[in-house]
Amino acid sequence: GAVVSQHPSRVICKSGTSVKIECRSLDFQATTMFWYRQFPKQSLMLMATSNEGSKATYEQGVEKDKFLINHASLTLSTLTVTSAHPEDSSFYICSARAINSADTQYFGPGTRLTVL
Amino acid sequence: GQQVMQIPQYQHVQEGEDFTTYCNSSTTLSNIQWYKQRPGGHPVFLIQLVKSGEVKKQKRLTFQFGEAKKNSSLHITATQTTDVGTYFCAGVGTTDSWGKLQFGAGTQVVVTP
């Protein structure tokens with residue numbers, strides 16, 4: 001149980017294009033989903049917290065217009081990197097917190113974004 | 001704001017030896033969680049500690065939560081090559097209503113046979 005999927009697993013795009021990453025909780029409903037960014041050999045940096053049906057809350061320093069988050073249902077959240085640039089290349093990981101899960105987060109497999 | 005410090009950053013261990021990684025928070029935590037990330041993989045939940053002074057064991061792994069709920073440790077005995085990876089602690093602040101995790105820097109573990 002508690003499986004989270006992410007799609008795509010890898011994406012290469014040209015500078016200036018937008019990329020959408022999907023995060024799905026497959027066998028549970030997630031009240032809250034989180035989006036992280038991880039640079040090589042570094043820790044996870046929380047980008048934003050998204051609750052179903054409401055606007056995402058972004059961490060300090062994360063541009064809302066750059067990283068658009070939509071949490072349309074209790075099983076799906078999307079992150080769109082708009083007008084991507086090479087410095088946006090990173091490993092993006094989502095996690096989902098189940099209803100009544102006592103803060104335990106289940107992580108997706110991550111999406112490796114490379115912007116050329 | 002809340003900060004979670006984790007040491008050591010790297011740990012080289014001979015197979016069969018024990019080691020410990022330590023985690024300290026600048027503020028009191030509601031709970032602390034531990035995750036393991038294999039090279040090229042994503043974080044996998046290991047355990048959650050909630051109570052002051054709590055100790056939990058998973059086979060060769062022993063997790064502790066400090067009395068003040070500001071520090072934690074992970075001790076692995078008789079290290080095996082399957083223990084390779086980066087171990088992260090992550091704390092949830094007492095004032096956080098969404099369960100946001102503040103991750104430590106991680107301890108990268110390398111096991112030599």
# chains A, B, ... in the order shown; residues from 1 in each chain; ligands from 1

$ interface_residues --of "chain A" --to "chain B" --cutoff "9 Å" --atoms "only C-alpha atoms" --output "PyMOL selection string"
chain A and resi 32+34+41-46+49+51+93+97+102-110

$ residues_around --residues "stretch 76-92 of chain A" --least-positions-apart "6" --cutoff "6 Å" --atoms "only C-alpha atoms" --output "list in words"
Ser15, Gly16, Thr17, Ser18, Val19, Lys20, Ile21, Glu22, Cys23, Arg24, Tyr36, Arg37, Gln38, Phe39, Lys66, Phe67, Leu68, Ile69, Asn70, Gly110, Thr111, Arg112, Leu113, Thr114, Val115 and Leu116 of chain A

$ residues_around --residues "A:Ser73" --least-positions-apart "5" --cutoff "10 Å" --atoms "only C-alpha atoms" --output "MDAnalysis selection string"
chainID A and resid 24 29:31 51:53

$ residues_around --residues "A:Phe28" --least-positions-apart "6" --cutoff "9 Å" --atoms "only C-alpha atoms" --output "list in words"
Gly1, Ala2, Val3, Val4, Leu74, Thr75, Ala98 and Ile99 of chain A

$ select_by_dssp --residues "chain A" --states "strand (DSSP E or B)" --output "PyMOL selection string"
chain A and resi 4-7+10-13+19-25+30-38+44-51+57-58+67-73+76-81+90-98+105-107+111-115

$ residues_around --residues "stretch 5-17 of chain B" --least-positions-apart "3" --cutoff "7 Å" --atoms "only C-alpha atoms" --output "list in words"
Thr21, Tyr22, Cys23, Asn24, Ser25, Thr77, Ala78, Thr79, Gln80, Thr81, Gly104, Ala105, Gly106, Thr107, Gln108, Val109, Val110, Val111, Thr112 and Pro113 of chain B

$ write_last_selection --atoms "all heavy atoms" --output "compact mmCIF listing (two decimals), in the first residue's frame"
# COMPACT_ATOMS: atom_id res chain seq x y z
N THR B 21 24.22 7.63 13.07
CA THR B 21 24.04 8.96 12.50
C THR B 21 23.13 9.76 13.43
O THR B 21 22.18 9.21 14.00
CB THR B 21 23.49 8.91 11.06
OG1 THR B 21 23.15 10.24 10.64
CG2 THR B 21 22.25 8.06 10.95
N TYR B 22 23.45 11.04 13.58
CA TYR B 22 22.78 11.87 14.57
C TYR B 22 22.06 13.05 13.92
O TYR B 22 22.53 13.61 12.92
CB TYR B 22 23.80 12.42 15.57
CG TYR B 22 24.56 11.37 16.31
CD1 TYR B 22 25.76 10.87 15.81
CD2 TYR B 22 24.08 10.86 17.52
CE1 TYR B 22 26.46 9.88 16.49
CE2 TYR B 22 24.78 9.88 18.20
CZ TYR B 22 25.96 9.40 17.68
OH TYR B 22 26.66 8.43 18.37
N CYS B 23 20.97 13.42 14.54
CA CYS B 23 20.12 14.46 14.00
C CYS B 23 19.75 15.42 15.13
O CYS B 23 19.36 14.97 16.21
CB CYS B 23 18.87 13.79 13.45
SG CYS B 23 17.88 14.79 12.40
N ASN B 24 19.89 16.72 14.89
CA ASN B 24 19.52 17.72 15.90
C ASN B 24 18.69 18.82 15.28
O ASN B 24 19.03 19.36 14.24
CB ASN B 24 20.78 18.34 16.51
CG ASN B 24 21.42 17.44 17.52
OD1 ASN B 24 20.92 17.26 18.62
ND2 ASN B 24 22.54 16.84 17.15
N SER B 25 17.62 19.16 16.00
CA SER B 25 16.74 20.23 15.52
C SER B 25 16.93 21.47 16.38
O SER B 25 17.18 21.38 17.58
CB SER B 25 15.29 19.77 15.58
OG SER B 25 14.42 20.85 15.36
N THR B 77 23.65 -1.87 13.36
CA THR B 77 24.64 -2.85 13.80
C THR B 77 24.95 -3.82 12.66
O THR B 77 24.13 -4.04 11.77
CB THR B 77 24.12 -3.65 15.00
OG1 THR B 77 22.89 -4.29 14.63
CG2 THR B 77 23.85 -2.74 16.19
N ALA B 78 26.16 -4.36 12.71
CA ALA B 78 26.58 -5.38 11.75
C ALA B 78 26.23 -4.97 10.32
O ALA B 78 25.49 -5.67 9.61
CB ALA B 78 25.95 -6.72 12.10
N THR B 79 26.79 -3.85 9.90
CA THR B 79 26.46 -3.27 8.60
C THR B 79 26.65 -4.26 7.47
O THR B 79 27.62 -5.02 7.44
CB THR B 79 27.36 -2.05 8.35
OG1 THR B 79 27.22 -1.15 9.44
CG2 THR B 79 26.97 -1.33 7.08
N GLN B 80 25.71 -4.22 6.53
CA GLN B 80 25.77 -5.07 5.35
C GLN B 80 25.84 -4.19 4.10
O GLN B 80 25.51 -3.00 4.16
CB GLN B 80 24.54 -5.98 5.28
CG GLN B 80 24.41 -6.90 6.49
CD GLN B 80 23.13 -7.72 6.44
OE1 GLN B 80 22.30 -7.58 5.53
NE2 GLN B 80 22.96 -8.60 7.42
N THR B 81 26.23 -4.77 2.99
CA THR B 81 26.34 -3.99 1.76
C THR B 81 24.98 -3.44 1.32
O THR B 81 24.90 -2.41 0.65
CB THR B 81 26.93 -4.83 0.61
OG1 THR B 81 26.18 -6.03 0.47
CG2 THR B 81 28.39 -5.18 0.91
N GLY B 104 17.16 16.85 7.21
CA GLY B 104 18.56 17.04 7.48
C GLY B 104 19.35 16.86 6.20
O GLY B 104 18.78 16.48 5.16
N ALA B 105 20.64 17.11 6.27
CA ALA B 105 21.49 17.04 5.07
C ALA B 105 21.72 15.61 4.61
O ALA B 105 22.12 15.38 3.47
CB ALA B 105 22.82 17.72 5.33
N GLY B 106 21.48 14.66 5.50
CA GLY B 106 21.67 13.27 5.13
C GLY B 106 23.04 12.74 5.49
O GLY B 106 24.02 13.50 5.55
N THR B 107 23.11 11.46 5.74
CA THR B 107 24.39 10.77 5.96
C THR B 107 24.54 9.75 4.85
O THR B 107 23.74 8.81 4.75
CB THR B 107 24.43 10.06 7.31
OG1 THR B 107 24.38 11.02 8.36
CG2 THR B 107 25.71 9.24 7.44
N GLN B 108 25.56 9.96 4.01
CA GLN B 108 25.81 9.03 2.92
C GLN B 108 26.68 7.90 3.44
O GLN B 108 27.78 8.13 3.93
CB GLN B 108 26.50 9.75 1.76
CG GLN B 108 26.71 8.86 0.55
CD GLN B 108 27.41 9.58 -0.60
OE1 GLN B 108 27.53 10.80 -0.59
NE2 GLN B 108 27.85 8.84 -1.57
N VAL B 109 26.17 6.70 3.33
CA VAL B 109 26.85 5.53 3.88
C VAL B 109 27.44 4.68 2.76
O VAL B 109 26.73 4.28 1.83
CB VAL B 109 25.88 4.69 4.73
CG1 VAL B 109 26.57 3.42 5.23
CG2 VAL B 109 25.36 5.51 5.90
N VAL B 110 28.73 4.43 2.89
CA VAL B 110 29.42 3.55 1.95
C VAL B 110 29.94 2.36 2.74
O VAL B 110 30.57 2.53 3.79
CB VAL B 110 30.59 4.29 1.26
CG1 VAL B 110 31.37 3.33 0.39
CG2 VAL B 110 30.06 5.46 0.45
N VAL B 111 29.67 1.17 2.27
CA VAL B 111 30.08 -0.05 2.97
C VAL B 111 31.13 -0.78 2.14
O VAL B 111 30.90 -1.07 0.96
CB VAL B 111 28.87 -0.97 3.21
CG1 VAL B 111 29.31 -2.23 3.95
CG2 VAL B 111 27.79 -0.23 3.98
N THR B 112 32.24 -1.05 2.77
CA THR B 112 33.29 -1.81 2.07
C THR B 112 33.27 -3.25 2.57
O THR B 112 33.22 -3.49 3.77
CB THR B 112 34.67 -1.18 2.31
OG1 THR B 112 34.84 -0.98 3.73
CG2 THR B 112 34.79 0.15 1.63
N PRO B 113 33.32 -4.19 1.64
CA PRO B 113 33.23 -5.61 2.02
C PRO B 113 34.44 -6.06 2.84
O PRO B 113 35.50 -5.47 2.76
CB PRO B 113 33.18 -6.34 0.68
CG PRO B 113 32.80 -5.31 -0.32
CD PRO B 113 33.34 -4.01 0.20

$ atom_distance --atom1 "atom CA of A:Trp35" --atom2 "atom CA of A:Thr57"
10.5 Å
